[in-house]
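Engineer: This is the content of upload-v5.pdb (PDB, C-alpha atoms, pLDDT in the B column):
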ATOM      1  CA  SER A   1      17.458  -5.339  -0.398  1.00 91.00           C
ATOM      2  CA  PHE A   2      14.055  -7.059  -0.703  1.00 95.00           C
ATOM      3  CA  HIS A   3      12.273  -4.096   0.868  1.00 95.00           C
ATOM      4  CA  THR A   4      13.753  -1.602  -1.600  1.00 95.00           C
ATOM      5  CA  LEU A   5      13.240  -3.805  -4.658  1.00 97.00           C
ATOM      6  CA  ALA A   6       9.644  -4.614  -3.736  1.00 97.00           C
ATOM      7  CA  MET A   7       8.907  -0.924  -3.277  1.00 97.00           C
ATOM      8  CA  PHE A   8      10.459  -0.053  -6.661  1.00 97.00           C
ATOM      9  CA  LEU A   9       8.504  -2.838  -8.375  1.00 98.00           C
ATOM     10  CA  LEU A  10       5.169  -1.913  -6.815  1.00 98.00           C
ATOM     11  CA  GLU A  11       5.636   1.820  -7.184  1.00 98.00           C
ATOM     12  CA  ALA A  12       6.361   1.469 -10.909  1.00 98.00           C
ATOM     13  CA  GLY A  13       3.487  -0.985 -11.348  1.00 97.00           C
ATOM     14  CA  LEU A  14       1.031   1.200  -9.485  1.00 98.00           C
ATOM     15  CA  ARG A  15       2.080   4.332 -11.358  1.00 97.00           C
ATOM     16  CA  SER A  16       1.537   2.599 -14.699  1.00 97.00           C
ATOM     17  CA  HIS A  17      -2.024   1.571 -13.745  1.00 97.00           C
ATOM     18  CA  THR A  18      -3.235   4.421 -11.527  1.00 97.00           C
ATOM     19  CA  PRO A  19      -6.195   6.362 -12.971  1.00 97.00           C
ATOM     20  CA  ALA A  20      -5.853  10.118 -13.481  1.00 96.00           C
ATOM     21  CA  HIS A  21      -7.862  10.984 -10.358  1.00 96.00           C
ATOM     22  CA  LEU A  22      -5.344   9.180  -8.087  1.00 97.00           C
ATOM     23  CA  ARG A  23      -1.666   9.620  -7.208  1.00 95.00           C
ATOM     24  CA  VAL A  24       1.035   7.265  -5.877  1.00 97.00           C
ATOM     25  CA  ARG A  25       3.304   8.397  -3.048  1.00 95.00           C
ATOM     26  CA  ARG A  26       5.950   6.647  -0.995  1.00 94.00           C
ATOM     27  CA  GLU A  27       6.933   7.008   2.633  1.00 90.00           C
ATOM     28  CA  MET A  28       4.447   9.732   3.547  1.00 94.00           C
ATOM     29  CA  THR A  29       2.607   9.699   6.849  1.00 95.00           C
ATOM     30  CA  VAL A  30      -1.122   9.166   7.160  1.00 96.00           C
ATOM     31  CA  VAL A  31      -3.097  10.921   9.882  1.00 95.00           C
ATOM     32  CA  VAL A  32      -5.304   8.117  11.216  1.00 93.00           C
ATOM     33  CA  ASP A  33      -6.235   9.787  14.528  1.00 90.00           C
ATOM     34  CA  THR A  34      -5.006  12.507  16.862  1.00 88.00           C
ATOM     35  CA  ASN A  35      -2.297  10.245  18.321  1.00 90.00           C
ATOM     36  CA  SER A  36      -1.203   8.182  15.322  1.00 91.00           C
ATOM     37  CA  ARG A  37       0.505   9.063  12.094  1.00 95.00           C
ATOM     38  CA  PRO A  38       1.951   5.836  10.633  1.00 96.00           C
ATOM     39  CA  GLU A  39       4.068   5.886   7.495  1.00 96.00           C
ATOM     40  CA  PRO A  40       3.104   3.252   4.918  1.00 97.00           C
ATOM     41  CA  ASP A  41       5.740   2.308   2.380  1.00 97.00           C
ATOM     42  CA  LEU A  42       3.380   3.282  -0.451  1.00 98.00           C
ATOM     43  CA  VAL A  43      -0.007   4.954  -0.624  1.00 97.00           C
ATOM     44  CA  VAL A  44      -2.448   5.686  -3.392  1.00 98.00           C
ATOM     45  CA  ILE A  45      -4.270   8.916  -2.658  1.00 96.00           C
ATOM     46  CA  ARG A  46      -6.949  11.053  -4.234  1.00 95.00           C
ATOM     47  CA  ARG A  47      -5.435  13.729  -6.486  1.00 93.00           C
ATOM     48  CA  GLU A  48      -7.176  16.449  -4.490  1.00 90.00           C
ATOM     49  CA  ALA A  49      -4.999  15.563  -1.477  1.00 89.00           C
ATOM     50  CA  VAL A  50      -1.885  16.826  -3.247  1.00 86.00           C
ATOM     51  CA  SER A  51      -1.068  20.354  -2.190  1.00 73.00           C
ATOM     52  CA  ALA A  52      -1.919  23.041  -4.697  1.00 63.00           C
ATOM     53  CA  THR A  53       0.969  25.091  -3.273  1.00 61.00           C
ATOM     54  CA  GLY A  54       3.833  22.984  -4.574  1.00 69.00           C
ATOM     55  CA  HIS A  55       3.878  19.653  -2.777  1.00 76.00           C
ATOM     56  CA  THR A  56       4.321  21.075   0.718  1.00 78.00           C
ATOM     57  CA  GLU A  57       2.379  18.330   2.506  1.00 81.00           C
ATOM     58  CA  THR A  58       4.184  15.995   4.910  1.00 84.00           C
ATOM     59  CA  GLY A  59       1.305  13.551   5.217  1.00 89.00           C
ATOM     60  CA  TYR A  60      -2.223  12.812   4.111  1.00 93.00           C
ATOM     61  CA  ARG A  61      -5.576  12.474   5.809  1.00 94.00           C
ATOM     62  CA  ALA A  62      -6.790   8.872   6.047  1.00 96.00           C
ATOM     63  CA  GLU A  63      -9.958   9.769   4.124  1.00 96.00           C
ATOM     64  CA  ASP A  64      -7.795  10.685   1.105  1.00 96.00           C
ATOM     65  CA  VAL A  65      -5.998   7.317   1.072  1.00 97.00           C
ATOM     66  CA  VAL A  66      -7.417   4.620  -1.228  1.00 97.00           C
ATOM     67  CA  LEU A  67      -4.634   2.053  -0.681  1.00 98.00           C
ATOM     68  CA  ALA A  68      -1.911   1.618   1.947  1.00 98.00           C
ATOM     69  CA  VAL A  69       0.974  -0.773   1.256  1.00 98.00           C
ATOM     70  CA  GLU A  70       3.397  -2.179   3.824  1.00 98.00           C
ATOM     71  CA  VAL A  71       6.493  -4.131   2.775  1.00 97.00           C
ATOM     72  CA  VAL A  72       7.538  -6.327   5.696  1.00 96.00           C
ATOM     73  CA  SER A  73      11.091  -6.018   7.003  1.00 91.00           C
ATOM     74  CA  PRO A  74      12.514  -8.003   9.918  1.00 90.00           C
ATOM     75  CA  GLU A  75      12.744  -4.870  12.078  1.00 91.00           C
ATOM     76  CA  SER A  76       9.149  -3.810  11.390  1.00 91.00           C
ATOM     77  CA  ALA A  77       7.382  -7.162  10.978  1.00 94.00           C
ATOM     78  CA  ALA A  78       5.183  -7.035  14.097  1.00 94.00           C
ATOM     79  CA  ARG A  79       4.180  -3.425  13.419  1.00 95.00           C
ATOM     80  CA  ASP A  80       3.491  -4.068   9.702  1.00 95.00           C
ATOM     81  CA  ARG A  81       1.498  -7.273  10.279  1.00 96.00           C
ATOM     82  CA  LYS A  82      -0.439  -6.386  13.417  1.00 95.00           C
ATOM     83  CA  ARG A  83      -0.529  -2.748  14.474  1.00 95.00           C
ATOM     84  CA  LYS A  84      -0.690  -0.864  11.182  1.00 96.00           C
ATOM     85  CA  PRO A  85      -3.557  -2.860   9.601  1.00 97.00           C
ATOM     86  CA  LEU A  86      -5.671  -2.158  12.701  1.00 95.00           C
ATOM     87  CA  LEU A  87      -4.932   1.562  12.475  1.00 95.00           C
ATOM     88  CA  TYR A  88      -5.662   1.721   8.737  1.00 97.00           C
ATOM     89  CA  ALA A  89      -8.920  -0.232   9.079  1.00 96.00           C
ATOM     90  CA  ALA A  90     -10.136   1.900  11.988  1.00 94.00           C
ATOM     91  CA  ALA A  91      -9.373   5.005   9.903  1.00 95.00           C
ATOM     92  CA  GLY A  92     -11.485   3.670   7.009  1.00 95.00           C
ATOM     93  CA  ILE A  93      -8.748   3.134   4.395  1.00 97.00           C
ATOM     94  CA  PRO A  94     -10.536   0.858   1.885  1.00 97.00           C
ATOM     95  CA  HIS A  95      -7.588  -1.238   0.631  1.00 98.00           C
ATOM     96  CA  PHE A  96      -4.458  -2.596   2.290  1.00 98.00           C
ATOM     97  CA  TRP A  97      -1.621  -4.744   0.924  1.00 98.00           C
ATOM     98  CA  LEU A  98       0.932  -6.584   3.009  1.00 98.00           C
ATOM     99  CA  VAL A  99       4.042  -7.581   1.058  1.00 98.00           C
ATOM    100  CA  GLU A 100       5.977 -10.538   2.462  1.00 97.00           C
ATOM    101  CA  PRO A 101       9.332 -11.865   1.213  1.00 95.00           C
ATOM    102  CA  LEU A 102       9.347 -15.472   0.010  1.00 94.00           C
ATOM    103  CA  ASP A 103      12.412 -17.732   0.277  1.00 93.00           C
ATOM    104  CA  SER A 104      12.798 -17.304  -3.493  1.00 93.00           C
ATOM    105  CA  GLY A 105      13.337 -13.562  -3.041  1.00 92.00           C
ATOM    106  CA  ARG A 106      10.034 -12.800  -4.718  1.00 95.00           C
ATOM    107  CA  PRO A 107       7.145 -11.031  -3.021  1.00 97.00           C
ATOM    108  CA  ALA A 108       3.912 -12.576  -1.828  1.00 98.00           C
ATOM    109  CA  ILE A 109       1.266  -9.875  -1.747  1.00 98.00           C
ATOM    110  CA  HIS A 110      -1.647 -10.315   0.623  1.00 98.00           C
ATOM    111  CA  THR A 111      -4.477  -8.052  -0.530  1.00 98.00           C
ATOM    112  CA  TYR A 112      -7.227  -6.894   1.811  1.00 98.00           C
ATOM    113  CA  GLU A 113     -10.427  -4.914   1.473  1.00 97.00           C
ATOM    114  CA  LEU A 114     -12.171  -3.106   4.288  1.00 97.00           C
ATOM    115  CA  ASP A 115     -15.326  -4.709   5.638  1.00 93.00           C
ATOM    116  CA  ARG A 116     -17.096  -1.518   6.617  1.00 78.00           C
ATOM    117  CA  VAL A 117     -19.595  -3.334   8.842  1.00 85.00           C
ATOM    118  CA  GLY A 118     -16.907  -4.843  11.046  1.00 76.00           C
ATOM    119  CA  ALA A 119     -14.335  -2.093  10.423  1.00 85.00           C
ATOM    120  CA  LYS A 120     -11.687  -4.723   9.724  1.00 94.00           C
ATOM    121  CA  TYR A 121      -9.853  -6.035   6.692  1.00 97.00           C
ATOM    122  CA  GLU A 122     -10.905  -9.178   4.856  1.00 97.00           C
ATOM    123  CA  LEU A 123      -8.348 -11.088   2.800  1.00 97.00           C
ATOM    124  CA  THR A 124      -9.139 -10.922  -0.924  1.00 97.00           C
ATOM    125  CA  GLY A 125      -6.119 -12.892  -2.158  1.00 98.00           C
ATOM    126  CA  ILE A 126      -2.490 -13.920  -1.905  1.00 98.00           C
ATOM    127  CA  HIS A 127      -0.502 -13.228  -5.059  1.00 98.00           C
ATOM    128  CA  HIS A 128       2.883 -14.744  -5.915  1.00 96.00           C
ATOM    129  CA  ASP A 129       3.937 -14.368  -9.552  1.00 95.00           C
ATOM    130  CA  ARG A 130       1.387 -11.853 -10.788  1.00 97.00           C
ATOM    131  CA  LEU A 131      -0.757  -9.256  -9.042  1.00 98.00           C
ATOM    132  CA  LYS A 132      -3.925  -8.919 -11.068  1.00 98.00           C
ATOM    133  CA  LEU A 133      -6.837  -7.116  -9.403  1.00 97.00           C
ATOM    134  CA  PRO A 134     -10.005  -5.223 -10.305  1.00 97.00           C
ATOM    135  CA  ALA A 135      -9.898  -3.008  -7.192  1.00 96.00           C
ATOM    136  CA  PRO A 136      -9.110  -0.402  -6.064  1.00 97.00           C
ATOM    137  CA  PHE A 137      -8.585  -0.023  -9.843  1.00 97.00           C
ATOM    138  CA  THR A 138      -7.519  -2.427 -12.578  1.00 97.00           C
ATOM    139  CA  ILE A 139      -3.988  -3.583 -11.760  1.00 97.00           C
ATOM    140  CA  ASP A 140      -1.712  -6.135 -13.446  1.00 98.00           C
ATOM    141  CA  ILE A 141       1.870  -6.313 -12.149  1.00 98.00           C
ATOM    142  CA  ASP A 142       4.405  -9.030 -12.984  1.00 98.00           C
ATOM    143  CA  LEU A 143       5.856  -9.821  -9.557  1.00 97.00           C
ATOM    144  CA  ALA A 144       8.485 -12.131 -11.061  1.00 96.00           C
ATOM    145  CA  ALA A 145      10.088  -9.007 -12.568  1.00 97.00           C
ATOM    146  CA  ILE A 146      11.784  -8.486  -9.202  1.00 97.00           C
ATOM    147  CA  ASP A 147      14.265 -11.153 -10.390  1.00 95.00           C
ATOM    148  CA  ASP A 148      15.531  -8.724 -13.046  1.00 94.00           C
ATOM    149  CA  MET A 149      16.054  -5.765 -10.749  1.00 91.00           C
TER     150      MET A 149
END
Please re-express this file's structure in structure tokens.
Structural biologist:
Amino acid sequence: SFHTLAMFLLEAGLRSHTPAHLRVRREMTVVVDTNSRPEPDLVVIRREAVSATGHTETGYRAEDVVLAVEVVSPESAARDRKRKPLLYAAAGIPHFWLVEPLDSGRPAIHTYELDRVGAKYELTGIHHDRLKLPAPFTIDIDLAAIDDM
């Protein structure tokens, strides 16, 4: 149940901190190139990417994604840790989080920012009990709250 609980925790935390010009979505595909359309667990997108015709979109363009979040599961670990970050970086998605389960049942969140010169992600931190960041917008999420879910 870690995957589900971590997604609930982060989705609620992101929604409570997301500025008005951005939106949070879960399990929507991202068009990163003509052959790849991965599905992050959570994304933060520009508001303009949301369909004006009643939420008919099935995915988003990579250029509309500000943050992609992957919560690692045993069956997707290699893909989440290796393949997807490469795809997101090559597509220019500025922020990426990788959420790993700790033995305690709490999440460890590895935060990355795109190095545009090298077109790869650089680690900006590993967060255990609290996720407090200034980018991509001001965020403060109590990760220990997963214990109460």
Engineer: Quick one: 4 Å padding each side, axis-aligned, all listed atoms of segment 19-32 of chain A - centre and edge lengths in Å to one decimal, as JSON?
Structural biologist:
{"center_x": -0.5, "center_y": 8.7, "center_z": -1.1, "size_x": 22.8, "size_y": 12.6, "size_z": 32.7}
Engineer: Quick one: of A:Leu22, A:Ala145, A:Val31, A:Ala108, who's nearest to Glu57 of chain A, counting all atoms listed in the file?
Structural biologist: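 Smallest separation from Glu57 of chain A among the options: A:Val31.
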Engineer: Specify as a ChimeraX atom specification each residue included when the PyMOL selection byres ((chain A and resi 60) around 8) is applied to this file.
Structural biologist: /A:28-31,49,57-59,61-62,64-65
Engineer: Got time to write the residues from that selection, C-alpha atoms, as a compact mmCIF listing (two decimals), in the frame of the given file?
Structural biologist:
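Done, and the output landed in result.txt:
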# COMPACT_ATOMS: atom_id res chain seq x y z
CA MET A 28 4.45 9.73 3.55
CA THR A 29 2.61 9.70 6.85
CA VAL A 30 -1.12 9.17 7.16
CA VAL A 31 -3.10 10.92 9.88
CA ALA A 49 -5.00 15.56 -1.48
CA GLU A 57 2.38 18.33 2.51
CA THR A 58 4.18 16.00 4.91
CA GLY A 59 1.30 13.55 5.22
CA ARG A 61 -5.58 12.47 5.81
CA ALA A 62 -6.79 8.87 6.05
CA ASP A 64 -7.80 10.68 1.10
CA VAL A 65 -6.00 7.32 1.07
Engineer: Using the chain letters and numbers from this file, what does the PyMOL selection byres ((chain A and resi 130) around 9) select? Give the answer as a ChimeraX atom specification.
Structural biologist: /A:127-129,131-132,140-144
Engineer: For the atom pair atom CA of Leu114 of chain A and atom CA of Arg79 of chain A, what is the interatomic distance in Å to one decimal place?
Structural biologist: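 Atom CA of Leu114 of chain A sits 18.7 Å away from atom CA of Arg79 of chain A.
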Engineer: Apply the PyMOL selection byres ((chain A and resi 121) around 9) to the structure shown and report the selected residues as a list in words.
Structural biologist: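 Taken on the displayed file, the PyMOL selection byres ((chain A and resi 121) around 9) yields the residues Pro85, Leu86, Ala89, Pro94, His95, Phe96, Tyr112, Glu113, Leu114, Asp115, Arg116, Gly118, Ala119, Lys120, Glu122 and Leu123 of chain A.
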Engineer: For His110 of chain A, which residue among A:Met149, A:Tyr88, A:Val72, A:Ala12 is the nearest when counting only C-alpha atoms?
Structural biologist: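 Answer, going by the shortest atom-to-atom distance: A:Val72.
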Engineer: Using all atoms listed in the file, which protein or nucleic acid residues come within 9 Å of segment 18-20 of chain A? Drop anything in the same chain fewer than 2 positions from it, and give the result as a PyMOL selection string.
Structural biologist: chain A and resi 13-16+22-24+44+47+137-139
Engineer: Please compute the atom CA of Arg37 of chain A-atom CA of Phe2 of chain A distance, one decimal, in Å.
Structural biologist: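 Going from atom CA of Arg37 of chain A over to atom CA of Phe2 of chain A covers 24.6 Å.
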Engineer: Closest to Pro40 of chain A among A:Ile126, A:Val117, A:Leu98, A:Ala78, using all atoms listed in the file?
Structural biologist: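 Among the listed residues, the smallest separation from Pro40 of chain A belongs to A:Leu98.
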Engineer: How many Å lie between atom CA of Val71 of chain A and atom CA of His21 of chain A, rounded to one decimal?
Structural biologist: 24.6 Å
Engineer: Residues within 6 Å of Thr111 of chain A, please, as a ChimeraX atom specification. Count all atoms listed in the file; anything in the same chain fewer than 2 positions from it doesn't count.
Structural biologist: /A:97,123-125
Engineer: Restricting the calculation to all atoms listed in the file: of A:Ala90, A:Ile45, A:Ser73, A:Arg83, which residue gets closest to Val32 of chain A?
Structural biologist: A:Ala90
Engineer: Pick the closest to Pro38 of chain A from A:Asp80, A:Gly92, A:Asp103, A:Val50: which is it, counting only C-alpha atoms?
Structural biologist: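 Of all the options, A:Asp80 lies closest to Pro38 of chain A.
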Engineer: Between A:Ser1, A:Ile146, A:Ala135, A:Asp41, which one has atoms that come closest to Pro107 of chain A, using only C-alpha atoms?
Structural biologist: A:Ile146
Engineer: Once N, CA and C atoms are restored for segment 24-37 of chain A, what would the output be as a PDB file, keeping the file's coordinate frame?
Structural biologist:
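Result file selection.pdb:
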ATOM      1  N   VAL A  24       0.239   8.204  -6.665  1.00 97.00           N
ATOM      2  CA  VAL A  24       1.035   7.265  -5.877  1.00 97.00           C
ATOM      3  C   VAL A  24       2.107   8.058  -5.139  1.00 97.00           C
ATOM      4  N   ARG A  25       2.259   7.770  -3.847  1.00 95.00           N
ATOM      5  CA  ARG A  25       3.304   8.397  -3.048  1.00 95.00           C
ATOM      6  C   ARG A  25       3.987   7.332  -2.203  1.00 95.00           C
ATOM      7  N   ARG A  26       5.239   7.584  -1.860  1.00 94.00           N
ATOM      8  CA  ARG A  26       5.950   6.647  -0.995  1.00 94.00           C
ATOM      9  C   ARG A  26       6.423   7.347   0.265  1.00 94.00           C
ATOM     10  N   GLU A  27       6.397   6.574   1.345  1.00 90.00           N
ATOM     11  CA  GLU A  27       6.933   7.008   2.633  1.00 90.00           C
ATOM     12  C   GLU A  27       6.411   8.366   3.091  1.00 90.00           C
ATOM     13  N   MET A  28       5.101   8.538   3.018  1.00 94.00           N
ATOM     14  CA  MET A  28       4.447   9.732   3.547  1.00 94.00           C
ATOM     15  C   MET A  28       3.532   9.285   4.683  1.00 94.00           C
ATOM     16  N   THR A  29       3.438  10.086   5.719  1.00 95.00           N
ATOM     17  CA  THR A  29       2.607   9.699   6.849  1.00 95.00           C
ATOM     18  C   THR A  29       1.126   9.841   6.517  1.00 95.00           C
ATOM     19  N   VAL A  30       0.330   9.117   7.293  1.00 96.00           N
ATOM     20  CA  VAL A  30      -1.122   9.166   7.160  1.00 96.00           C
ATOM     21  C   VAL A  30      -1.696   9.480   8.537  1.00 96.00           C
ATOM     22  N   VAL A  31      -2.480  10.533   8.621  1.00 95.00           N
ATOM     23  CA  VAL A  31      -3.097  10.921   9.882  1.00 95.00           C
ATOM     24  C   VAL A  31      -4.322  10.031  10.092  1.00 95.00           C
ATOM     25  N   VAL A  32      -4.199   9.049  10.979  1.00 93.00           N
ATOM     26  CA  VAL A  32      -5.304   8.117  11.216  1.00 93.00           C
ATOM     27  C   VAL A  32      -6.125   8.508  12.438  1.00 93.00           C
ATOM     28  N   ASP A  33      -5.519   9.218  13.389  1.00 90.00           N
ATOM     29  CA  ASP A  33      -6.235   9.787  14.528  1.00 90.00           C
ATOM     30  C   ASP A  33      -5.331  10.832  15.169  1.00 90.00           C
ATOM     31  N   THR A  34      -5.777  11.410  16.268  1.00 88.00           N
ATOM     32  CA  THR A  34      -5.006  12.507  16.862  1.00 88.00           C
ATOM     33  C   THR A  34      -3.678  12.054  17.456  1.00 88.00           C
ATOM     34  N   ASN A  35      -3.525  10.750  17.707  1.00 90.00           N
ATOM     35  CA  ASN A  35      -2.297  10.245  18.321  1.00 90.00           C
ATOM     36  C   ASN A  35      -1.451   9.375  17.404  1.00 90.00           C
ATOM     37  N   SER A  36      -1.919   9.117  16.192  1.00 91.00           N
ATOM     38  CA  SER A  36      -1.203   8.182  15.322  1.00 91.00           C
ATOM     39  C   SER A  36      -1.041   8.742  13.919  1.00 91.00           C
ATOM     40  N   ARG A  37       0.175   8.608  13.439  1.00 95.00           N
ATOM     41  CA  ARG A  37       0.505   9.063  12.094  1.00 95.00           C
ATOM     42  C   ARG A  37       1.507   8.075  11.484  1.00 95.00           C
TER      43      ARG A  37
END
